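Text of input-v4.txt, listed as compact mmCIF, C-alpha atoms and all ligand atoms:
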# COMPACT_ATOMS: atom_id res chain seq x y z
CA MET A 1 -8.63 -9.78 -19.30
CA THR A 2 -5.87 -10.88 -16.94
CA GLU A 3 -2.32 -9.65 -16.68
CA ALA A 4 -0.13 -12.73 -16.31
CA ALA A 5 2.02 -13.30 -13.25
CA ILE A 6 5.63 -14.05 -14.14
CA ILE A 7 6.90 -17.40 -12.83
CA ASP A 8 10.45 -16.67 -11.68
CA GLY A 9 12.35 -19.87 -12.48
CA LYS A 10 15.67 -18.34 -11.46
CA ALA A 11 14.47 -17.65 -7.91
CA PHE A 12 12.62 -21.00 -7.71
CA ALA A 13 15.78 -22.83 -8.81
CA ALA A 14 17.88 -20.98 -6.20
CA GLY A 15 15.41 -22.09 -3.50
CA LEU A 16 15.50 -25.69 -4.73
CA ARG A 17 19.32 -25.72 -4.75
CA GLU A 18 19.27 -24.44 -1.17
CA ARG A 19 16.93 -27.26 -0.11
CA VAL A 20 19.12 -29.82 -1.92
CA GLY A 21 22.19 -28.39 -0.12
CA ALA A 22 20.49 -28.71 3.28
CA ALA A 23 19.45 -32.31 2.49
CA VAL A 24 23.01 -33.16 1.37
CA ALA A 25 24.34 -31.84 4.70
CA SER A 26 21.78 -33.96 6.63
CA LEU A 27 22.63 -37.08 4.58
CA ASN A 28 26.32 -36.58 5.33
CA ALA A 29 25.72 -35.95 9.04
CA ALA A 30 23.42 -38.97 9.49
CA HIS A 31 25.02 -41.49 7.12
CA GLY A 32 28.51 -40.15 6.28
CA LYS A 33 27.54 -39.99 2.62
CA VAL A 34 28.48 -37.20 0.19
CA PRO A 35 26.71 -37.58 -3.18
CA GLY A 36 29.03 -37.64 -6.19
CA LEU A 37 28.06 -36.52 -9.70
CA ALA A 38 30.26 -37.59 -12.63
CA VAL A 39 29.95 -35.52 -15.79
CA VAL A 40 31.43 -36.84 -19.03
CA LEU A 41 32.17 -34.35 -21.80
CA VAL A 42 33.43 -35.56 -25.18
CA GLY A 43 34.87 -32.95 -27.55
CA GLU A 44 34.92 -29.18 -27.30
CA ASP A 45 31.41 -27.93 -28.08
CA PRO A 46 31.46 -24.39 -26.57
CA ALA A 47 27.80 -24.52 -25.40
CA SER A 48 28.39 -27.90 -23.71
CA GLU A 49 31.48 -26.51 -21.96
CA VAL A 50 29.39 -23.67 -20.50
CA TYR A 51 26.74 -26.15 -19.26
CA VAL A 52 29.41 -28.38 -17.71
CA ARG A 53 31.07 -25.41 -15.97
CA ASN A 54 27.71 -24.33 -14.49
CA LYS A 55 26.97 -27.88 -13.37
CA ARG A 56 30.38 -28.16 -11.67
CA LYS A 57 29.90 -24.86 -9.82
CA GLN A 58 26.36 -25.61 -8.66
CA THR A 59 27.22 -29.20 -7.66
CA ALA A 60 30.01 -27.91 -5.41
CA GLU A 61 27.76 -25.17 -3.96
CA CYS A 62 25.27 -27.88 -2.88
CA GLY A 63 28.06 -29.70 -1.00
CA MET A 64 28.28 -32.60 -3.48
CA ARG A 65 31.40 -34.03 -5.12
CA SER A 66 31.84 -33.10 -8.77
CA ILE A 67 33.83 -35.55 -10.90
CA GLU A 68 34.63 -34.45 -14.43
CA HIS A 69 35.90 -36.50 -17.36
CA LYS A 70 36.87 -34.45 -20.40
CA LEU A 71 37.69 -36.61 -23.40
CA SER A 72 38.93 -35.59 -26.83
CA ALA A 73 36.50 -35.44 -29.77
CA GLU A 74 38.35 -38.45 -31.28
CA THR A 75 37.51 -40.76 -28.33
CA ASP A 76 36.07 -44.01 -29.68
CA GLN A 77 32.84 -45.57 -28.44
CA GLU A 78 34.62 -48.52 -26.80
CA THR A 79 36.72 -46.19 -24.62
CA LEU A 80 33.63 -44.22 -23.64
CA LEU A 81 31.71 -47.41 -22.75
CA LYS A 82 34.68 -48.60 -20.64
CA LEU A 83 34.61 -45.27 -18.74
CA ILE A 84 30.86 -45.63 -18.12
CA ALA A 85 31.43 -49.19 -16.84
CA ASP A 86 34.11 -47.89 -14.42
CA LEU A 87 31.79 -45.11 -13.19
CA ASN A 88 28.94 -47.63 -12.77
CA ALA A 89 31.24 -49.71 -10.52
CA ASP A 90 32.57 -46.74 -8.50
CA ASP A 91 30.83 -46.43 -5.11
CA GLY A 92 31.85 -42.75 -4.89
CA VAL A 93 29.78 -41.95 -7.99
CA ASP A 94 26.01 -41.71 -7.41
CA GLY A 95 25.04 -39.95 -10.63
CA ILE A 96 26.42 -40.12 -14.18
CA LEU A 97 25.66 -37.56 -16.84
CA VAL A 98 26.99 -37.76 -20.39
CA GLN A 99 26.78 -34.33 -21.97
CA LEU A 100 24.99 -34.39 -25.33
CA PRO A 101 25.52 -33.98 -28.24
CA LEU A 102 28.23 -36.62 -28.71
CA PRO A 103 30.53 -36.71 -31.78
CA ASP A 104 28.97 -38.29 -34.88
CA HIS A 105 30.99 -41.54 -34.67
CA VAL A 106 29.46 -42.36 -31.24
CA ASP A 107 25.93 -43.83 -30.94
CA PRO A 108 24.33 -41.75 -28.15
CA GLN A 109 21.70 -44.41 -27.38
CA ALA A 110 24.37 -47.09 -26.86
CA VAL A 111 26.13 -44.78 -24.40
CA LEU A 112 22.95 -43.78 -22.52
CA ASP A 113 21.86 -47.43 -22.32
CA ALA A 114 25.21 -48.34 -20.73
CA ILE A 115 24.62 -46.11 -17.69
CA ASP A 116 23.43 -47.96 -14.57
CA PRO A 117 19.72 -46.89 -14.33
CA ALA A 118 20.24 -46.24 -10.58
CA LYS A 119 22.87 -43.60 -11.52
CA ASP A 120 21.03 -42.24 -14.59
CA VAL A 121 20.43 -38.70 -13.24
CA ASP A 122 19.34 -37.43 -16.67
CA GLY A 123 16.52 -40.01 -16.58
CA PHE A 124 17.06 -40.92 -20.26
CA HIS A 125 17.64 -44.69 -19.75
CA VAL A 126 14.82 -46.84 -21.11
CA ILE A 127 14.38 -48.42 -17.64
CA ASN A 128 13.69 -44.99 -16.13
CA ALA A 129 11.40 -44.00 -19.03
CA GLY A 130 9.51 -47.26 -18.48
CA LYS A 131 9.28 -46.76 -14.72
CA LEU A 132 7.94 -43.23 -15.25
CA ALA A 133 5.34 -44.52 -17.69
CA THR A 134 4.26 -47.35 -15.39
CA GLY A 135 4.31 -45.50 -12.06
CA GLY A 136 7.61 -46.79 -10.63
CA ASP A 137 10.30 -44.90 -8.70
CA ALA A 138 12.01 -43.48 -11.81
CA LEU A 139 14.77 -40.93 -12.03
CA VAL A 140 12.80 -38.35 -14.05
CA PRO A 141 14.31 -36.17 -16.85
CA CYS A 142 15.34 -32.84 -15.32
CA THR A 143 13.59 -30.30 -17.59
CA PRO A 144 10.05 -31.73 -17.33
CA MET A 145 10.59 -32.30 -13.59
CA GLY A 146 11.47 -28.60 -13.24
CA CYS A 147 8.28 -27.66 -15.13
CA LEU A 148 6.18 -29.87 -12.86
CA LEU A 149 7.66 -28.42 -9.66
CA MET A 150 6.86 -24.87 -10.85
CA LEU A 151 3.32 -25.89 -11.86
CA LYS A 152 2.63 -27.49 -8.48
CA ASP A 153 4.05 -24.46 -6.70
CA ARG A 154 1.74 -22.22 -8.71
CA LEU A 155 -1.43 -24.32 -8.80
CA GLY A 156 -1.17 -26.77 -5.90
CA ASP A 157 -3.30 -29.81 -6.80
CA LEU A 158 -3.23 -30.36 -10.58
CA SER A 159 -5.90 -33.05 -10.54
CA GLY A 160 -8.54 -32.68 -13.26
CA LYS A 161 -6.77 -29.83 -15.08
CA ASN A 162 -6.68 -29.88 -18.87
CA ALA A 163 -2.98 -30.01 -19.79
CA VAL A 164 -1.68 -29.62 -23.34
CA VAL A 165 1.95 -30.49 -24.05
CA VAL A 166 3.16 -29.28 -27.45
CA GLY A 167 6.09 -31.52 -28.45
CA ARG A 168 6.64 -35.27 -28.03
CA SER A 169 10.42 -35.64 -27.66
CA ASN A 170 11.80 -38.33 -25.36
CA ILE A 171 13.61 -35.74 -23.23
CA VAL A 172 10.81 -33.18 -22.72
CA GLY A 173 7.37 -33.76 -24.26
CA LYS A 174 6.79 -37.45 -23.45
CA PRO A 175 8.09 -37.40 -19.85
CA MET A 176 6.19 -34.12 -19.26
CA ALA A 177 2.97 -35.78 -20.40
CA ALA A 178 3.71 -38.81 -18.19
CA LEU A 179 4.29 -36.57 -15.15
CA LEU A 180 1.06 -34.63 -15.74
CA THR A 181 -0.85 -37.89 -16.18
CA ARG A 182 0.61 -39.06 -12.84
CA GLU A 183 -0.82 -35.84 -11.31
CA SER A 184 -4.28 -36.77 -12.69
CA CYS A 185 -4.41 -34.09 -15.36
CA THR A 186 -6.31 -34.77 -18.57
CA VAL A 187 -3.39 -34.67 -20.97
CA THR A 188 -3.22 -33.93 -24.70
CA ILE A 189 0.10 -34.38 -26.50
CA ALA A 190 0.28 -32.17 -29.59
CA HIS A 191 2.96 -32.33 -32.30
CA SER A 192 3.67 -31.37 -35.90
CA ARG A 193 0.73 -33.43 -37.24
CA THR A 194 -1.85 -32.05 -34.79
CA LYS A 195 -4.89 -30.54 -36.50
CA ASP A 196 -5.94 -27.02 -35.50
CA LEU A 197 -3.23 -26.56 -32.88
CA PRO A 198 -4.52 -23.09 -31.85
CA ALA A 199 -7.90 -24.61 -30.85
CA VAL A 200 -6.19 -27.47 -28.98
CA CYS A 201 -4.04 -24.95 -27.07
CA ARG A 202 -7.05 -22.74 -26.23
CA GLY A 203 -8.57 -25.62 -24.26
CA ALA A 204 -5.59 -25.85 -21.91
CA ASP A 205 -5.57 -24.89 -18.23
CA ILE A 206 -1.87 -25.81 -18.37
CA LEU A 207 0.07 -25.31 -21.60
CA VAL A 208 3.64 -26.63 -21.89
CA ALA A 209 5.47 -25.62 -25.07
CA ALA A 210 8.51 -27.75 -26.03
CA VAL A 211 8.78 -27.29 -29.77
CA GLY A 212 12.00 -25.45 -30.65
CA ARG A 213 10.30 -22.87 -32.92
CA PRO A 214 10.71 -19.22 -31.91
CA GLU A 215 7.45 -17.62 -30.67
CA MET A 216 5.30 -20.09 -32.59
CA ILE A 217 2.52 -20.13 -29.99
CA LYS A 218 0.58 -16.89 -30.30
CA GLY A 219 -1.28 -14.86 -27.72
CA ASP A 220 -4.75 -15.74 -29.03
CA TRP A 221 -3.96 -19.48 -28.61
CA ILE A 222 -3.93 -19.00 -24.83
CA GLY A 223 -7.10 -19.61 -22.82
CA GLU A 224 -8.13 -17.07 -20.20
CA GLY A 225 -6.12 -17.68 -17.00
CA ALA A 226 -4.04 -20.59 -18.36
CA VAL A 227 -0.63 -21.32 -16.83
CA VAL A 228 1.96 -21.32 -19.61
CA ILE A 229 5.33 -23.08 -19.28
CA ASP A 230 7.70 -22.21 -22.12
CA VAL A 231 10.50 -24.77 -22.46
CA GLY A 232 11.81 -23.44 -25.78
CA ILE A 233 15.23 -21.84 -26.02
CA ASN A 234 15.73 -20.26 -29.44
CA ARG A 235 18.46 -17.81 -30.44
CA VAL A 236 17.17 -15.23 -32.94
CA GLU A 237 18.55 -12.08 -34.53
CA ALA A 238 17.74 -8.89 -32.61
CA PRO A 239 18.44 -5.93 -34.94
CA GLU A 240 17.01 -3.59 -32.26
CA LYS A 241 20.12 -4.39 -30.16
CA GLY A 242 22.46 -3.21 -32.92
CA LEU A 243 25.26 -4.95 -34.79
CA LYS A 244 28.11 -7.22 -33.70
CA GLU A 245 31.73 -6.39 -34.65
CA ASP A 246 31.40 -8.53 -37.79
CA GLY A 247 28.45 -6.41 -38.96
CA THR A 248 25.78 -9.06 -38.36
CA PRO A 249 22.83 -8.30 -36.01
CA LYS A 250 23.16 -9.08 -32.31
CA THR A 251 21.05 -11.96 -31.04
CA LYS A 252 18.72 -12.75 -28.14
CA LEU A 253 17.00 -15.79 -26.65
CA VAL A 254 13.24 -16.28 -27.08
CA GLY A 255 10.91 -19.13 -26.18
CA ASP A 256 8.39 -21.10 -28.21
CA VAL A 257 5.63 -18.76 -26.99
CA ASP A 258 5.04 -15.14 -28.05
CA PHE A 259 5.55 -13.90 -24.49
CA ALA A 260 4.00 -10.43 -24.82
CA GLY A 261 0.95 -11.76 -26.67
CA ALA A 262 0.46 -14.70 -24.29
CA ALA A 263 0.81 -12.55 -21.16
CA VAL A 264 -2.48 -10.80 -22.04
CA ASN A 265 -4.64 -13.90 -21.50
CA ALA A 266 -2.44 -16.18 -19.36
CA GLY A 267 -2.82 -16.38 -15.59
CA ALA A 268 0.90 -17.03 -15.22
CA ILE A 269 3.81 -17.59 -17.60
CA THR A 270 7.50 -18.48 -17.51
CA PRO A 271 9.85 -16.01 -19.22
CA VAL A 272 12.73 -16.98 -21.54
CA PRO A 273 15.41 -16.69 -20.30
CA GLY A 274 14.88 -17.06 -16.54
CA GLY A 275 11.99 -19.56 -16.53
CA VAL A 276 12.45 -23.28 -17.18
CA GLY A 277 16.19 -23.05 -18.02
CA PRO A 278 17.56 -22.52 -14.48
CA MET A 279 15.34 -25.32 -13.13
CA THR A 280 17.06 -27.95 -15.28
CA ILE A 281 20.41 -27.98 -13.41
CA ALA A 282 18.61 -27.59 -10.06
CA CYS A 283 16.62 -30.75 -10.86
CA LEU A 284 19.82 -32.53 -11.90
CA LEU A 285 21.19 -31.85 -8.40
CA ARG A 286 17.89 -33.02 -6.91
CA ASN A 287 18.13 -36.24 -8.95
CA THR A 288 21.72 -36.79 -7.79
CA LEU A 289 20.57 -36.47 -4.18
CA VAL A 290 17.70 -38.91 -4.81
CA ALA A 291 20.05 -41.39 -6.53
CA ALA A 292 22.58 -41.13 -3.67
CA CYS A 293 19.88 -41.69 -1.03
CA ARG A 294 18.46 -44.73 -2.82
CA GLN A 295 21.92 -46.25 -3.31
CA ALA A 296 22.62 -45.72 0.41
CA GLY A 297 19.29 -47.35 1.33
CA VAL A 298 17.91 -44.06 2.70
CA THR A 299 14.46 -42.66 1.82
CA PRO A 300 14.99 -39.51 -0.33
CA PRO A 301 13.66 -36.30 1.29
CA ALA A 302 10.49 -34.79 -0.23
CA ILE A 303 11.89 -31.52 -1.60
N1 LIG A 401 15.02 -25.24 -20.72
C1 LIG A 401 15.80 -26.31 -20.89
O1 LIG A 401 16.59 -26.62 -20.06
C2 LIG A 401 15.58 -27.13 -22.14
C3 LIG A 401 15.89 -28.49 -22.13
C4 LIG A 401 15.61 -29.24 -23.27
C5 LIG A 401 15.10 -28.61 -24.41
N2 LIG A 401 14.87 -27.26 -24.38
C6 LIG A 401 14.30 -26.56 -25.55
O2 LIG A 401 12.97 -27.03 -25.73
C7 LIG A 401 12.64 -27.05 -27.13
C8 LIG A 401 12.19 -28.45 -27.50
O3 LIG A 401 13.26 -29.34 -27.30
P1 LIG A 401 13.13 -30.89 -27.68
O4 LIG A 401 14.47 -31.49 -27.44
O5 LIG A 401 11.95 -31.48 -27.04
O6 LIG A 401 12.90 -30.74 -29.28
P2 LIG A 401 12.66 -31.83 -30.41
O7 LIG A 401 13.24 -33.15 -30.03
O8 LIG A 401 13.11 -31.19 -31.68
O9 LIG A 401 11.06 -31.99 -30.45
C9 LIG A 401 10.26 -30.95 -30.92
C10 LIG A 401 8.82 -31.38 -30.89
O10 LIG A 401 8.03 -30.28 -31.39
C11 LIG A 401 7.11 -30.76 -32.37
N3 LIG A 401 6.90 -29.74 -33.39
C12 LIG A 401 7.77 -29.26 -34.30
N4 LIG A 401 7.17 -28.36 -35.09
C13 LIG A 401 5.89 -28.27 -34.70
C14 LIG A 401 4.77 -27.53 -35.12
N5 LIG A 401 4.84 -26.68 -36.15
N6 LIG A 401 3.61 -27.70 -34.47
C15 LIG A 401 3.49 -28.56 -33.44
N7 LIG A 401 4.53 -29.29 -32.98
C16 LIG A 401 5.71 -29.16 -33.59
C17 LIG A 401 7.78 -31.99 -32.98
O11 LIG A 401 6.74 -32.78 -33.52
P3 LIG A 401 7.02 -34.18 -34.30
O12 LIG A 401 7.33 -35.17 -33.22
O13 LIG A 401 5.73 -34.44 -35.00
O14 LIG A 401 8.17 -33.94 -35.20
C18 LIG A 401 8.50 -32.59 -31.78
O15 LIG A 401 7.68 -33.50 -31.10
C19 LIG A 401 13.89 -26.54 -27.84
O16 LIG A 401 13.77 -25.14 -28.03
C20 LIG A 401 15.01 -26.81 -26.85
O17 LIG A 401 16.11 -25.93 -26.99
C21 LIG A 401 15.09 -26.52 -23.27
Serialized structure, structure tokens:
Amino acid sequence: MTEAAIIDGKAFAAGLRERVGAAVASLNAAHGKVPGLAVVLVGEDPASEVYVRNKRKQTAECGMRSIEHKLSAETDQETLLKLIADLNADDGVDGILVQLPLPDHVDPQAVLDAIDPAKDVDGFHVINAGKLATGGDALVPCTPMGCLLMLKDRLGDLSGKNAVVVGRSNIVGKPMAALLTRESCTVTIAHSRTKDLPAVCRGADILVAAVGRPEMIKGDWIGEGAVVIDVGINRVEAPEKGLKEDGTPKTKLVGDVDFAGAAVNAGAITPVPGGVGPMTIACLLRNTLVAACRQAGVTPPAI
């Protein structure tokens, strides 16, 4: 039996942000270029506002320009598309991120498709998804990129490893599988129709869980020594923490993996919170640097 090592995503993300900051300073010194990241927020979703505030702070800390557009929840799609067109044409903007979810009257795909693929730092544009799938120089979605960087840091060469990705969303599961394929893993994509998921998971050297179901993946689904990356962020009631002022139980965040159970067999595992989550914004900053370098005709640094 092993006792899993904890993969500290918070510390890894801090290191990555530092490397991005150093590369931004070099880009500015050598080419007079300061990367600019435009974030568009429509409406007043409290969770989105927290994300946007964190992005603004961390963008500035890396020495990049942060440009924010806060629009009312009533903004129509035409106005939003006009803003995207203006940001596409603005040489001071290297990356564009539209915070999701958008209000119901706006078609998110139409908005994402309007972003210049060269500035698509979320990597959600179909051109970037296609480039990732076909081996081109894509801007890669931030969350799976963060998972891959932690896996390579932990395991070095991933070639020949059996990787199981549970979840097939366009923003996590599919790009994660594409990245692992690019690293020459043997990749299985599991989903809600997969037969005998526990057995499929047990065969994994690398298990990435991106399901959105609290602690669904149990300890005895984990093969001896497997590296487990838990992407899930689920808020659940935590009666052990007591009650809130309104008399309802306090809550806590848990992943898609039963952490305590999985830690018995796993070689290494990411905690929730403090695992994959902090890597997502760090990879957004990395993508903004890459986008700025490419738009300036400079080879992006390998960080
Ligand atoms: N750390 C971060 O920064 C970050 C970023 C993004 C997302 N997340 C979290 O990651 C999780 C997944 O997000 P997502 O956007 O990829 O979710 P999603 O779009 O809802 O996709 C969930 C996937 O899980 C599969 N699934 C659902 N129930 C299953 C079951 N019982 N057995 C096997 N597979 C099952 C679904 O299969 P079908 O396709 O068959 O329906 C689907 O492919 C969520 O908890 C989310 O909050 C975290």
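Once all atoms listed in the file are considered, the residues situated within 9 Å of the file point (28.6, -36.0, -6.6) turn out to be Val34, Pro35, Gly36, Leu37, Ala38, Thr59, Ala60, Gly63, Met64, Arg65, Ser66, Ile67, Gly92, Val93, Asp94, Gly95, Ile96, Leu285, Thr288, Leu289 and Ala292 of chain A.
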Close residues to ligand LIG 401 (chain A) using all atoms listed in the file, limit 6 Å, as an NGL selection string: :A and (143 or 166-169 or 171-173 or 191-193 or 210-212 or 231-234 or 276-277 or 280)
Emit the selected residues as a JSON list (two decimals), keeping the file's coordinate frame, including C-alpha atoms.
[["chain", "number", "residue", "atom", "x", "y", "z"],
["A", 143, "THR", "CA", 13.59, -30.30, -17.59],
["A", 166, "VAL", "CA", 3.16, -29.28, -27.45],
["A", 167, "GLY", "CA", 6.09, -31.52, -28.45],
["A", 168, "ARG", "CA", 6.64, -35.27, -28.03],
["A", 169, "SER", "CA", 10.42, -35.64, -27.66],
["A", 171, "ILE", "CA", 13.61, -35.74, -23.23],
["A", 172, "VAL", "CA", 10.81, -33.18, -22.72],
["A", 173, "GLY", "CA", 7.37, -33.76, -24.26],
["A", 191, "HIS", "CA", 2.96, -32.33, -32.30],
["A", 192, "SER", "CA", 3.67, -31.37, -35.90],
["A", 193, "ARG", "CA", 0.73, -33.43, -37.24],
["A", 210, "ALA", "CA", 8.51, -27.75, -26.03],
["A", 211, "VAL", "CA", 8.78, -27.29, -29.77],
["A", 212, "GLY", "CA", 12.00, -25.45, -30.65],
["A", 231, "VAL", "CA", 10.50, -24.77, -22.46],
["A", 232, "GLY", "CA", 11.81, -23.44, -25.78],
["A", 233, "ILE", "CA", 15.23, -21.84, -26.02],
["A", 234, "ASN", "CA", 15.73, -20.26, -29.44],
["A", 276, "VAL", "CA", 12.45, -23.28, -17.18],
["A", 277, "GLY", "CA", 16.19, -23.05, -18.02],
["A", 280, "THR", "CA", 17.06, -27.95, -15.28]]
With distances taken over only C-alpha atoms, which residue among A:Cys293, A:Thr299, A:Glu18, A:Ser48 lies nearest A:Gly32?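 The closest residue to A:Gly32 is A:Cys293.
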At most 12 Å from (26.8, -34.6, -27.6), file frame, only C-alpha atoms: which residues, as a ChimeraX atom specification? /A:40-49,51-52,71,73,97-109,111-112
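As for atom CA of A:Ala177 and atom CA of A:Cys142, they are spaced 13.7 Å apart.
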Atom CA of A:Gly275 to atom CA of A:Gly146, distance in Å rounded to a single decimal: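 Separating atom CA of A:Gly275 from atom CA of A:Gly146 is a distance of 9.6 Å.
Using all atoms listed in the file for every distance, the candidate list A:Gly255, A:Pro141, A:Gly9, A:Pro214 yields A:Gly9 as the residue closest to A:Arg154.
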Show me, as a ChimeraX atom specification, the residues that have an atom within 10 Å of A:Leu151 when counting all atoms listed in the file, minus same-chain residues fewer than 2 positions from it. /A:7,145-149,153-158,180,206,227-229,268
Pick the closest to A:Glu78 from A:Ala138, A:Ala291, A:Ala163, A:Ala110: which is it, counting only C-alpha atoms?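 Checking each candidate against A:Glu78, we get A:Ala110 as the closest.
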Between atom CA of A:Val39 and atom CA of A:Leu80, what is the spacing in Å?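 We find that atom CA of A:Leu80 and atom CA of A:Val39 lie 12.3 Å from each other.
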Using all atoms listed in the file, determine which residues lie at most 8 Å from A:Ile217, disregarding the query and same-chain residues fewer than 4 positions distant; provide the list as a PDB file with C-alpha atoms, in the frame of the given file.
ATOM      1  CA  PRO A 198      -4.520 -23.090 -31.850  1.00  0.00           C
ATOM      2  CA  ALA A 209       5.470 -25.620 -25.070  1.00  0.00           C
ATOM      3  CA  TRP A 221      -3.960 -19.480 -28.610  1.00  0.00           C
ATOM      4  CA  ASP A 256       8.390 -21.100 -28.210  1.00  0.00           C
ATOM      5  CA  VAL A 257       5.630 -18.760 -26.990  1.00  0.00           C
ATOM      6  CA  ASP A 258       5.040 -15.140 -28.050  1.00  0.00           C
TER       7      ASP A 258
END
